[in-house]
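J.: Here you go, one structure.
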Amino acid sequence: MKEDNIQREKFSSRHIGSSCNEINKMLKELQYFSMKDFVNKTIPKKIRLKRKLNIPNSISEYQYLNHIYRISKKNKIYRSYIGLGYKNTITPSVIQRNILENPNWYTPYTPYQSEISQGRLEALINFQTMISDLTGMKISNASMLDESTAAADAMFMIYQEKIKKKQIDNNHYFFISNEILPQTFYVLKTRCFGLGIHFIYDSHHNLKTKYNNKKIFGLIISYPSSLGEIYDYTETIEYAKYHKISVIVSTDILSLSLLKPPGEWGADVVIGSSQSFGVPMGYGGPHAAFFSTHEQYKRFLPGRIIGISVDRENQKAFRMALQTREQHIKREKATSNICTSQVLPAIMASMYALYHGKNGLIKIAKRIHKYAKELEFLLINNINSIFQVNTCYFDTIRIKIENVNKIKKIAERRKTNFRYINKNYLTITLDETSSKKDINHILSIFSEVESSVKNKKIKYHTDIDKYKFPVSLKRTSNFFKNKIFSKFYSENELIRYIKRLEKKDISLTHSMIPLGSCTMKLNASTELLSLSQHEWKNMHPFAPYQQAMGYHFIIKNLKKYLKEITGFSGISLQPNSGAQGEYAGLMVIKHYHYSLQEYKRNIALIPSSSHGTNPASANIAGMKVILVSTKNDGSIDKNDLLKKVKENVDSLSVLMITYPSTYGIYESNIQDIIDIIHENGGQVYMDGANMNAQVGLIKPADLGVDICHLNLHKTFAIPHGGGGPGMGPICVASHLKPFLPNHPFQQKKNSKEKILTISSSPYGSSLILTISYAYIRLLGPDGLRKCTEISVLNANYIKEKLKKFYNILYVGENNTVAHELIIDCRIFKYVDIDVMDIAKRMMDYGYHAPTISFPVEGCMMIEPTESESKEELDRFIETLIKIRQEIKEIEDKKFSKKNNVFKNAPHSISILTKNEWNYPYSREKAAYPLDWIKNRKFWPPVSRIDDGYGDRNLICTCI
């Protein structure tokens with residue numbers, strides 16, 4: 001007992017669900033003498049790590065909080081007027097406290113199981129409505145990773161649509177305005193390289209004069225431009241429409257409350273970021289980008305669309321629409337590789353819109369515009385040798401001055417950041433937080449450059465009612481007509497709405513979420529506290545390096561720890577999702593082959609046991625996908641691999657593997673398979689989705705892998721956020737280091753000529769990197785290893801308990817599994833019960849179903865993680881055993897195949913409280929199939945949703 005109390009002092013015993021006694025009981029039931037004995041028989045000896053990880057020892061939560069506070073003070077938060085797509089914003093406290101900091105909102109999974117995700121889905125359809133209304137487009141998604149990715153996916157979408165219709169060929173170009181955000185240009189350039197798309201980078205003014213003889217399939221323009229100018233694009237649009245050029249518009253969402261929306265003047269796609277709607281800058285993210293378009297593109301639209309359908313009782317219900325577009329289903333034919341999006345930031349942005357309403361947004365936008373005009377007037381009327389270049393603008397003025405460097409020195413001394421274009425130009429972007437005090441402060445900085453101002457008495461603007469953009473571009477159309485945007489004037493009402501939605505979702509606060517390959521582990525409160533701290537959340541991603549020393553301390557050390565954990569020598573933290581990590585890794589490999597002048601290498605071999613996003617990522621990287629078979633035991637078919645390698649030896653680029661495989665086994669011959677690829681000129685990419693079964697026990701680099709990505713939102717404790725955010729860093733072997741992603745606002749030594757840029761900001765969603773840093777520091781080398789051991793032990797415990805009731809599809813050499821297992825539900829087809837019926841019935845027990853129909857159709861993939869206690873594992877096991885007994889009742893013809901607890905599941909509160917009860921089983925059986933559920937009941941808010949109806953009648957805005 002004394003030893004157990006000492007263990008509870010360590011964070012690992014808070015993070016790991018089971019006590020030492022419970023762990024020993026599980027080992028005993030599995031007939032192992034010790035954890036060492038268990039690991040020896042589960043993980044192949046030749047690949048096991050022989051030493052402890054070389055990272056700092058664990059520290060307590062109290063020590064960590066003091067540590068991270070000290071580091072935060074290394075960040076110097078200057079007044080930021082940099083702009084470039086990122087602005088200071090005010091997060092309403094009711095949103096910060098009740099959504100950002102609320103585990104009921106940040107711990108749910110992606111809303112694949114719609115009946116128990118109704119709260120998030122409603123919030124997301126509010127987001128889509130907000131975007132459609134403001135952009136003037138018919139349809140939008142929820143959401144994109146960042147603005148630059150949204151632009152790249154918009155280009156890819158119109159490219160695919162035109163290719164499918166045979167309207168273009170390889171000689172067509174994509175036109176990129178040279179006034180879009182610099183980071184967006186570099187991301188587009190990278191995507192064009194991967195797909196083999198030609199592009200032109202020039203002023204939109206030159207489109208019809210210089211390039212009239214070029215075949216152009218699409219163009220992207222900015223509204224307002226990255227320099228702040230607002231253009232009337234009428235002539236550009238007329239030219240584009242005449243020549244059948246699709247138009248993408250990158251826009252500022254807040255400006256559209258005053259400006260005529262792009263959907264009203266000819267845009268085909270509108271993209272941007274919702275960061276300024278109450279989501280902190282966080283040194284680059286996470287932020288929800290938006291993507292809106294015409295309905296004709298709905299089958300090509302990247303990301304996720306939330307739609308409205310009906311449930312069994314014909315009541316309105318929300319769901320993810322058109323799910324056959326998902327990359328797990330369409331694989332190499334997918335329109336994007338968006339797996340993790342930015343659900344939590346999207347919900348925050350949507351709540352910001354509800355909080356302020358239409359009139360509030362207009363008021364904020366008018367105030368910003370007013371201060372921008374006032375600043376212009378003050379500068380040009382009071383300071384010598386200064387000019388304001390922008391003819392029309394919203395929040396950004398462009399200053400021409402003789403000595404920008406002198407201004408820069410004074411501004412930095414006065415703790416102020418502007419955007420410096422070159423030696424004669426700078427821009428100043430105002431925002432929601434700007435005030436009269438800020439205007440005077442900026443004026444005082446410029447006044448220091450001059451020995452005297454024009455007049456001793458400062459002239460203030462008197463005519464501030466006129467807009468600094470043409471009347472023709474003033475918004476006249478209404479928006480936010482739905483009553484949802486005008487209901488919440490008081491905090492009381494808004495918090496009640498937030499809580500109503502919150503209660504409709506299952507999260508980790510309710511029960512274990514046993515999703516295979518998704519690793520729904522504890523997201524500890526201590527790890528998350530820094531997200532709300534001023535010094536972390538309010539840093540601009542392009543602030544000077546010296547101002548972000550706290551961030552760079554975290555980045556430097558997190559890189560060091562992740563390299564030690566994986567065994568690699570290089571790392572990039574830029575990819576801001578797992579699938580983006582896949583794409584980044586493949587682009588690194590592509591650049592490596594090009595450096596060797598091996599331009600034909602474009603074949604990606606992908607075993608069927610690999611992660612589901614891999615084919616989509618390979619497709620977006622411009623590679624041709626060839627699938628490799630697996631054997632009956634779930635291992636890669638070596639003969640089929642050899643055959644396909646031989647057939648494609650000159651064009652082999654990469655083998656994409658997942659280890660342990662998504663079938664839940666450690667393959668003992670993995671190094672032999674890797675050797676085959678290397679001997680034939682290819683590289684080996686390892687998907688890091690299952691890294692939770694490796695940390696501290698195996699290093700991917702020791703297997704011979706060349707590159708892997710890490711899902712920080714899985715293995716390293718970043719919350720899933722109801723479908724996002726995530727982070728997907730890539731780790732590489734030494735020969736690939738020169739090809740790691742770069743960024744226009746990040747200096748990189750020894751970079752190759754072709755530079756990769758994957759995300760809008762240099763370090764992806766930098767704010768949430770503090771979570772993974774905390775996770776590693778709190779656990780230390782021993783804790784990390786123990787987490788891996790317990791996650792594998794828990795999976796094997798479930799396997800052993802369920803093997804009498806379900807067929808375990810794959811097991812390893814010693815009859816063990818890795819950290820996840822697959823149960824076969826196809827055998828119940830003869831009584832007309834499929835895997836979806838079981839998933840819906842699990843909701844009545846208070847559980848989110850495991851991963852269904854992936855990686856094997858008709859099966860369930862279960863991953864318990866290390867954070868679940870033996871008590872919770874036993875409840876989950878009891879649930880599946882009871883469900884098997886309910887299936888047997890149908891087999892024994894006690895209930896019919898068409899009318900039973902499965903076909904009618906989930907049983908909503910509405911069904912259970914009706915006077916009439918026309919089912920062949922009791923209400924108690926429906927609602928409380930096990931006694932312990934009575935004290936833990938989660939009530940599904942709707943009954944089974946009609947998926948087909950929702951797709952046939954696509955509605956993706958509030959009605």
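Simple scheme: letters A, B, ... for chains in structure tokens order, numbers from 1 for residues in each chain, numbers from 1 for ligands in the order shown.
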Considering only C-alpha atoms, return as a ChimeraX atom specification whatever protein or nucleic-acid residues lie within 6 Å of Ser791 in chain A, sequence-local ones (same chain, fewer than 3 positions apart) excluded.
T.: /A:788,794,819,865-866
J.: Quick one: write out the picked residues with N, CA, C and O atoms as a tab-separated table (two decimals), in the first residue's frame?
T.:
```
chain	number	residue	atom	x	y	z
A	788	THR	N	3.39	2.61	-23.18
A	788	THR	CA	3.36	1.68	-24.31
A	788	THR	C	3.05	0.27	-23.83
A	788	THR	O	2.20	-0.44	-24.40
A	794	ASN	N	-3.41	-3.83	-22.21
A	794	ASN	CA	-4.87	-3.65	-22.19
A	794	ASN	C	-5.53	-4.28	-23.41
A	794	ASN	O	-6.59	-4.89	-23.31
A	819	HIS	N	-1.28	-2.96	-29.74
A	819	HIS	CA	-2.11	-2.09	-28.89
A	819	HIS	C	-3.55	-2.02	-29.35
A	819	HIS	O	-4.35	-1.30	-28.77
A	865	THR	N	-6.08	2.04	-25.23
A	865	THR	CA	-5.06	2.96	-24.71
A	865	THR	C	-4.66	2.60	-23.28
A	865	THR	O	-5.31	1.78	-22.61
A	866	GLU	N	-3.63	3.26	-22.80
A	866	GLU	CA	-3.11	3.00	-21.46
A	866	GLU	C	-3.88	3.73	-20.38
A	866	GLU	O	-3.72	3.42	-19.19
```
J.: Would you list the contacts of Lys882 in chain A as a list of chain:residue names, taking every protein, DNA or RNA residue within 10 Å and counting only C-alpha atoms, but skipping same-chain residues closer than 5 positions in sequence?
T.: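 Result of the neighbour search: A:Phe805, A:Tyr845, A:Phe876, A:Ile877, A:Ile887, A:Lys888, A:Pro929, A:Leu930.
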J.: What does the file look like for those residues with C-alpha atoms, as a compact mmCIF listing (two decimals), in the first residue's frame?
T.:
```txt
# COMPACT_ATOMS: atom_id res chain seq x y z
CA PHE A 805 -17.40 -14.67 -27.95
CA TYR A 845 -24.65 1.09 -23.29
CA PHE A 876 -16.45 -2.46 -22.02
CA ILE A 877 -15.81 -6.21 -22.20
CA ILE A 887 -27.26 -11.47 -31.06
CA LYS A 888 -27.72 -15.06 -29.86
CA PRO A 929 -29.25 -3.71 -20.61
CA LEU A 930 -26.76 -3.89 -17.70
```
J.: Neighbours of Ser772 in chain A within 7 Å (only C-alpha atoms; same-chain residues fewer than 2 positions away dropped), as a list in words?
T.: Leu712, Phe716, Ala717, Ile718, Leu769, Thr770, Ala774, Tyr775 and Ile776 of chain A
J.: Do a neighbour search on Thr42 in chain A at 8 Å with only C-alpha atoms, toss out local chain neighbours closer than 4 positions, and write the hits as a PDB file with all heavy atoms, in the first residue's frame.
T.:
```pdb
ATOM      1  N   PHE A  38       5.840 -10.507 -20.530  1.00  0.00           N
ATOM      2  CA  PHE A  38       4.794 -10.184 -21.501  1.00  0.00           C
ATOM      3  C   PHE A  38       5.384  -9.498 -22.730  1.00  0.00           C
ATOM      4  O   PHE A  38       5.075  -9.864 -23.881  1.00  0.00           O
ATOM      5  CB  PHE A  38       3.741  -9.287 -20.838  1.00  0.00           C
ATOM      6  CG  PHE A  38       2.770  -8.668 -21.798  1.00  0.00           C
ATOM      7  CD1 PHE A  38       1.819  -9.429 -22.461  1.00  0.00           C
ATOM      8  CD2 PHE A  38       2.815  -7.298 -22.055  1.00  0.00           C
ATOM      9  CE1 PHE A  38       0.935  -8.851 -23.357  1.00  0.00           C
ATOM     10  CE2 PHE A  38       1.926  -6.704 -22.940  1.00  0.00           C
ATOM     11  CZ  PHE A  38       0.990  -7.485 -23.587  1.00  0.00           C
ATOM     12  N   TYR A 666       2.577  -7.020 -34.613  1.00  0.00           N
ATOM     13  CA  TYR A 666       3.972  -6.719 -34.872  1.00  0.00           C
ATOM     14  C   TYR A 666       4.492  -7.774 -35.856  1.00  0.00           C
ATOM     15  O   TYR A 666       4.587  -8.953 -35.509  1.00  0.00           O
ATOM     16  CB  TYR A 666       4.803  -6.809 -33.588  1.00  0.00           C
ATOM     17  CG  TYR A 666       4.490  -5.786 -32.529  1.00  0.00           C
ATOM     18  CD1 TYR A 666       3.700  -6.122 -31.431  1.00  0.00           C
ATOM     19  CD2 TYR A 666       5.012  -4.504 -32.598  1.00  0.00           C
ATOM     20  CE1 TYR A 666       3.439  -5.195 -30.426  1.00  0.00           C
ATOM     21  CE2 TYR A 666       4.754  -3.569 -31.587  1.00  0.00           C
ATOM     22  CZ  TYR A 666       3.972  -3.916 -30.520  1.00  0.00           C
ATOM     23  OH  TYR A 666       3.721  -3.003 -29.518  1.00  0.00           O
ATOM     24  N   GLY A 812      -0.474 -12.181 -33.494  1.00  0.00           N
ATOM     25  CA  GLY A 812       0.931 -12.342 -33.825  1.00  0.00           C
ATOM     26  C   GLY A 812       1.425 -13.756 -33.572  1.00  0.00           C
ATOM     27  O   GLY A 812       0.658 -14.679 -33.286  1.00  0.00           O
ATOM     28  N   ASN A 814       3.006 -15.241 -31.129  1.00  0.00           N
ATOM     29  CA  ASN A 814       2.760 -15.870 -29.830  1.00  0.00           C
ATOM     30  C   ASN A 814       1.323 -15.659 -29.367  1.00  0.00           C
ATOM     31  O   ASN A 814       1.056 -15.559 -28.174  1.00  0.00           O
ATOM     32  CB  ASN A 814       3.742 -15.321 -28.784  1.00  0.00           C
ATOM     33  CG  ASN A 814       5.168 -15.767 -29.061  1.00  0.00           C
ATOM     34  OD1 ASN A 814       5.416 -16.926 -29.360  1.00  0.00           O
ATOM     35  ND2 ASN A 814       6.093 -14.828 -28.992  1.00  0.00           N
ATOM     36  N   THR A 816      -0.496 -13.090 -29.630  1.00  0.00           N
ATOM     37  CA  THR A 816      -0.691 -11.780 -29.010  1.00  0.00           C
ATOM     38  C   THR A 816      -1.019 -10.746 -30.088  1.00  0.00           C
ATOM     39  O   THR A 816      -0.787 -10.969 -31.277  1.00  0.00           O
ATOM     40  CB  THR A 816       0.566 -11.322 -28.251  1.00  0.00           C
ATOM     41  OG1 THR A 816       1.679 -11.290 -29.160  1.00  0.00           O
ATOM     42  CG2 THR A 816       0.881 -12.263 -27.104  1.00  0.00           C
ATOM     43  N   VAL A 817      -1.535  -9.625 -29.627  1.00  0.00           N
ATOM     44  CA  VAL A 817      -1.777  -8.490 -30.517  1.00  0.00           C
ATOM     45  C   VAL A 817      -0.923  -7.324 -30.039  1.00  0.00           C
ATOM     46  O   VAL A 817      -0.298  -7.396 -28.983  1.00  0.00           O
ATOM     47  CB  VAL A 817      -3.271  -8.096 -30.539  1.00  0.00           C
ATOM     48  CG1 VAL A 817      -4.104  -9.208 -31.146  1.00  0.00           C
ATOM     49  CG2 VAL A 817      -3.766  -7.720 -29.143  1.00  0.00           C
ATOM     50  N   ALA A 818      -0.936  -6.255 -30.812  1.00  0.00           N
ATOM     51  CA  ALA A 818      -0.229  -5.041 -30.392  1.00  0.00           C
ATOM     52  C   ALA A 818      -1.170  -4.224 -29.509  1.00  0.00           C
ATOM     53  O   ALA A 818      -1.820  -4.773 -28.623  1.00  0.00           O
ATOM     54  CB  ALA A 818       0.246  -4.264 -31.611  1.00  0.00           C
TER      55      ALA A 818
END
```
J.: Could you go through range 359-529 of chain A and tell me which residues DSSP, when run on the backbone, assigns to alpha helix (DSSP H), listing them as a ChimeraX atom specification?
T.: /A:359-382,404-413,436-449,491-502,525-528
J.: Now that the selection is made, can you save its residues with C-alpha atoms as a PDB file, in the first residue's frame?
T.:
```pdb
ATOM      1  CA  ASN A 359     -24.733  43.853 -35.787  1.00  0.00           C
ATOM      2  CA  GLY A 360     -21.812  43.064 -33.495  1.00  0.00           C
ATOM      3  CA  LEU A 361     -19.575  41.944 -36.382  1.00  0.00           C
ATOM      4  CA  ILE A 362     -20.457  45.031 -38.411  1.00  0.00           C
ATOM      5  CA  LYS A 363     -19.688  47.219 -35.410  1.00  0.00           C
ATOM      6  CA  ILE A 364     -16.282  45.573 -34.904  1.00  0.00           C
ATOM      7  CA  ALA A 365     -15.429  45.849 -38.613  1.00  0.00           C
ATOM      8  CA  LYS A 366     -16.492  49.501 -38.771  1.00  0.00           C
ATOM      9  CA  ARG A 367     -14.420  50.340 -35.711  1.00  0.00           C
ATOM     10  CA  ILE A 368     -11.302  48.695 -37.198  1.00  0.00           C
ATOM     11  CA  HIS A 369     -11.846  50.490 -40.513  1.00  0.00           C
ATOM     12  CA  LYS A 370     -12.395  53.790 -38.735  1.00  0.00           C
ATOM     13  CA  TYR A 371      -9.112  53.468 -36.841  1.00  0.00           C
ATOM     14  CA  ALA A 372      -7.269  52.528 -40.049  1.00  0.00           C
ATOM     15  CA  LYS A 373      -8.565  55.699 -41.732  1.00  0.00           C
ATOM     16  CA  GLU A 374      -7.712  57.775 -38.684  1.00  0.00           C
ATOM     17  CA  LEU A 375      -4.189  56.360 -38.590  1.00  0.00           C
ATOM     18  CA  GLU A 376      -3.691  57.158 -42.265  1.00  0.00           C
ATOM     19  CA  PHE A 377      -4.863  60.735 -41.715  1.00  0.00           C
ATOM     20  CA  LEU A 378      -2.626  61.212 -38.675  1.00  0.00           C
ATOM     21  CA  LEU A 379       0.477  59.883 -40.406  1.00  0.00           C
ATOM     22  CA  ILE A 380       0.198  61.714 -43.725  1.00  0.00           C
ATOM     23  CA  ASN A 381      -0.905  65.003 -42.138  1.00  0.00           C
ATOM     24  CA  ASN A 382       1.541  65.081 -39.252  1.00  0.00           C
ATOM     25  CA  VAL A 404      12.170  51.715 -42.820  1.00  0.00           C
ATOM     26  CA  ASN A 405      15.123  50.370 -40.847  1.00  0.00           C
ATOM     27  CA  LYS A 406      15.035  53.367 -38.536  1.00  0.00           C
ATOM     28  CA  ILE A 407      11.303  52.844 -37.964  1.00  0.00           C
ATOM     29  CA  LYS A 408      11.972  49.179 -37.253  1.00  0.00           C
ATOM     30  CA  LYS A 409      14.561  49.957 -34.576  1.00  0.00           C
ATOM     31  CA  ILE A 410      12.322  52.480 -32.865  1.00  0.00           C
ATOM     32  CA  ALA A 411       9.276  50.178 -33.079  1.00  0.00           C
ATOM     33  CA  GLU A 412      11.132  47.237 -31.568  1.00  0.00           C
ATOM     34  CA  ARG A 413      12.420  49.432 -28.771  1.00  0.00           C
ATOM     35  CA  LYS A 436      -7.287  55.302 -29.888  1.00  0.00           C
ATOM     36  CA  LYS A 437      -4.347  54.662 -27.583  1.00  0.00           C
ATOM     37  CA  ASP A 438      -2.793  52.335 -30.196  1.00  0.00           C
ATOM     38  CA  ILE A 439      -3.226  54.946 -32.924  1.00  0.00           C
ATOM     39  CA  ASN A 440      -1.420  57.551 -30.853  1.00  0.00           C
ATOM     40  CA  HIS A 441       1.281  55.033 -29.970  1.00  0.00           C
ATOM     41  CA  ILE A 442       1.948  54.286 -33.646  1.00  0.00           C
ATOM     42  CA  LEU A 443       2.016  57.998 -34.441  1.00  0.00           C
ATOM     43  CA  SER A 444       4.566  58.550 -31.686  1.00  0.00           C
ATOM     44  CA  ILE A 445       6.856  55.883 -33.206  1.00  0.00           C
ATOM     45  CA  PHE A 446       6.851  57.622 -36.592  1.00  0.00           C
ATOM     46  CA  SER A 447       7.265  60.985 -34.893  1.00  0.00           C
ATOM     47  CA  GLU A 448      10.607  59.831 -33.484  1.00  0.00           C
ATOM     48  CA  VAL A 449      11.985  59.488 -36.999  1.00  0.00           C
ATOM     49  CA  GLU A 491     -24.152  35.331 -21.574  1.00  0.00           C
ATOM     50  CA  ASN A 492     -26.777  33.455 -19.624  1.00  0.00           C
ATOM     51  CA  GLU A 493     -28.524  32.337 -22.808  1.00  0.00           C
ATOM     52  CA  LEU A 494     -25.298  31.563 -24.677  1.00  0.00           C
ATOM     53  CA  ILE A 495     -23.895  29.400 -21.893  1.00  0.00           C
ATOM     54  CA  ARG A 496     -27.164  27.489 -21.702  1.00  0.00           C
ATOM     55  CA  TYR A 497     -26.995  26.882 -25.449  1.00  0.00           C
ATOM     56  CA  ILE A 498     -23.390  25.691 -25.183  1.00  0.00           C
ATOM     57  CA  LYS A 499     -24.377  23.324 -22.365  1.00  0.00           C
ATOM     58  CA  ARG A 500     -27.377  21.986 -24.322  1.00  0.00           C
ATOM     59  CA  LEU A 501     -25.088  21.098 -27.198  1.00  0.00           C
ATOM     60  CA  GLU A 502     -22.424  19.711 -24.876  1.00  0.00           C
ATOM     61  CA  SER A 525      -5.491  19.155 -17.469  1.00  0.00           C
ATOM     62  CA  THR A 526      -1.938  20.109 -16.529  1.00  0.00           C
ATOM     63  CA  GLU A 527      -0.843  19.559 -20.133  1.00  0.00           C
ATOM     64  CA  LEU A 528      -3.491  21.975 -21.390  1.00  0.00           C
TER      65      LEU A 528
END
```
